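Structure file data_0.cif (mmCIF, C-alpha atoms) follows.
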```cif
data_target
loop_
_atom_site.group_PDB
_atom_site.id
_atom_site.type_symbol
_atom_site.label_atom_id
_atom_site.label_comp_id
_atom_site.auth_asym_id
_atom_site.auth_seq_id
_atom_site.Cartn_x
_atom_site.Cartn_y
_atom_site.Cartn_z
ATOM 1 C CA MET A 81 0.000 0.000 0.000
ATOM 2 C CA LYS A 82 2.707 2.503 0.933
ATOM 3 C CA GLY A 83 4.455 1.825 -2.365
ATOM 4 C CA ASN A 84 1.430 3.111 -4.257
ATOM 5 C CA LEU A 85 0.240 5.932 -2.042
ATOM 6 C CA GLY A 86 3.030 6.919 0.325
ATOM 7 C CA HIS A 87 2.889 7.261 4.095
ATOM 8 C CA LEU A 88 -0.634 8.319 5.002
ATOM 9 C CA ASP A 89 -0.638 7.722 8.778
ATOM 10 C CA VAL A 90 -4.246 7.572 9.992
ATOM 11 C CA ALA A 91 -5.714 7.646 6.474
ATOM 12 C CA ALA A 92 -3.834 4.500 5.382
ATOM 13 C CA GLY A 93 -6.591 2.128 6.527
ATOM 14 C CA VAL A 94 -9.439 3.826 4.728
ATOM 15 C CA THR A 95 -7.234 4.385 1.680
ATOM 16 C CA GLY A 96 -6.474 0.655 1.568
ATOM 17 C CA LEU A 97 -10.185 -0.135 1.803
ATOM 18 C CA ILE A 98 -10.991 2.257 -1.046
ATOM 19 C CA LYS A 99 -8.222 0.723 -3.166
ATOM 20 C CA ALA A 100 -9.541 -2.796 -2.498
ATOM 21 C CA VAL A 101 -13.127 -1.819 -3.361
ATOM 22 C CA LEU A 102 -12.017 -0.182 -6.602
ATOM 23 C CA ALA A 103 -9.907 -3.203 -7.527
ATOM 24 C CA VAL A 104 -12.877 -5.536 -7.069
ATOM 25 C CA GLU A 105 -15.264 -3.156 -8.838
ATOM 26 C CA HIS A 106 -12.990 -2.915 -11.877
ATOM 27 C CA GLY A 107 -12.002 -6.590 -11.799
ATOM 28 C CA MET A 108 -8.280 -5.803 -11.851
ATOM 29 C CA ILE A 109 -5.461 -6.582 -9.427
ATOM 30 C CA PRO A 110 -3.367 -3.394 -9.246
ATOM 31 C CA PRO A 111 0.406 -3.614 -9.634
ATOM 32 C CA ASN A 112 2.801 -3.400 -6.699
ATOM 33 C CA ARG A 113 4.939 -0.310 -7.195
ATOM 34 C CA PRO A 114 7.915 -0.098 -7.267
ATOM 35 C CA PHE A 115 8.532 -3.720 -8.167
ATOM 36 C CA ALA A 116 11.367 -5.243 -10.159
ATOM 37 C CA ARG A 117 11.703 -8.885 -9.074
ATOM 38 C CA PRO A 118 10.870 -10.875 -5.936
ATOM 39 C CA ASN A 119 13.469 -12.056 -3.445
ATOM 40 C CA PRO A 120 14.469 -15.612 -4.480
ATOM 41 C CA ALA A 121 14.255 -16.698 -0.822
ATOM 42 C CA LEU A 122 10.464 -16.344 -1.054
ATOM 43 C CA ALA A 123 10.261 -19.368 -3.400
ATOM 44 C CA LEU A 124 7.124 -17.987 -5.014
ATOM 45 C CA GLU A 125 7.334 -20.509 -7.873
ATOM 46 C CA ALA A 126 6.428 -23.291 -5.428
ATOM 47 C CA SER A 127 3.567 -21.367 -3.815
ATOM 48 C CA PRO A 128 0.142 -20.101 -4.850
ATOM 49 C CA PHE A 129 1.296 -16.506 -4.221
ATOM 50 C CA TYR A 130 2.690 -13.940 -6.632
ATOM 51 C CA LEU A 131 3.514 -10.243 -6.744
ATOM 52 C CA ALA A 132 1.760 -8.281 -9.453
ATOM 53 C CA GLY A 133 4.348 -6.352 -11.453
ATOM 54 C CA GLU A 134 1.599 -5.045 -13.719
ATOM 55 C CA ALA A 135 -2.186 -4.808 -13.570
ATOM 56 C CA ARG A 136 -3.861 -8.215 -13.965
ATOM 57 C CA PRO A 137 -7.482 -9.314 -14.253
ATOM 58 C CA TRP A 138 -8.994 -11.086 -11.254
ATOM 59 C CA PRO A 139 -8.748 -14.882 -11.719
ATOM 60 C CA TRP A 140 -12.525 -15.328 -11.366
ATOM 61 C CA ARG A 141 -12.980 -13.365 -14.574
ATOM 62 C CA ASP A 142 -11.128 -16.144 -16.426
ATOM 63 C CA ARG A 143 -13.689 -18.694 -15.218
ATOM 64 C CA GLY A 144 -16.635 -16.880 -16.742
ATOM 65 C CA ALA A 145 -18.147 -15.655 -13.455
ATOM 66 C CA PRO A 146 -20.604 -12.788 -13.819
ATOM 67 C CA ALA A 147 -19.097 -9.313 -13.535
#
```

Could you write out this file's structure as structure tokens?
Amino acid sequence: MKGNLGHLDVAAGVTGLIKAVLAVEHGMIPPNRPFARPNPALALEASPFYLAGEARPWPWRDRGAPA
């Protein structure tokens, strides 16, 4: 969150909520900024997790779920 919007102190919580609502509404996972490559110690290849380097559609959109 701080990477996208900076240090917001008390407004960080509500800002995160607004960002999450907009992401769901638009059906897009926003990118993590700044992001170049993950730490190899995370072993993300062997996990279900990933870091979004660019905007991506929500996975449920790929399954034909209603928008």

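Considering the residues A:Val104, A:Ala91, A:Ala116, A:Leu122 and counting only C-alpha atoms, Trp138 in chain A has its shortest atom-to-atom contact with A:Val104.
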
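Between CA of Gly107 in chain A and CA of Thr95 in chain A lies a distance of 18.0 Å.
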
Quick one: residues within 10 Å of Leu131 in chain A, only C-alpha atoms counted, chain neighbours fewer than 2 positions away excluded, as a compact mmCIF listing (two decimals) with C-alpha atoms, in the frame of the given file?
```txt
# COMPACT_ATOMS: atom_id res chain seq x y z
CA PRO A 111 0.41 -3.61 -9.63
CA ASN A 112 2.80 -3.40 -6.70
CA PHE A 115 8.53 -3.72 -8.17
CA ALA A 116 11.37 -5.24 -10.16
CA ARG A 117 11.70 -8.88 -9.07
CA PRO A 118 10.87 -10.88 -5.94
CA LEU A 124 7.12 -17.99 -5.01
CA PHE A 129 1.30 -16.51 -4.22
CA GLY A 133 4.35 -6.35 -11.45
CA GLU A 134 1.60 -5.04 -13.72
```

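Running the PyMOL selection byres ((chain A and resi 99-103) around 12) on this file leaves Met81, Lys82, Asn84, Leu85, Ala92, Gly93, Val94, Thr95, Gly96, Leu97, Ile98, Val104, Glu105, His106, Gly107, Met108, Ile109, Pro110, Pro111, Ala135, Arg136, Pro137 and Trp138 of chain A selected.
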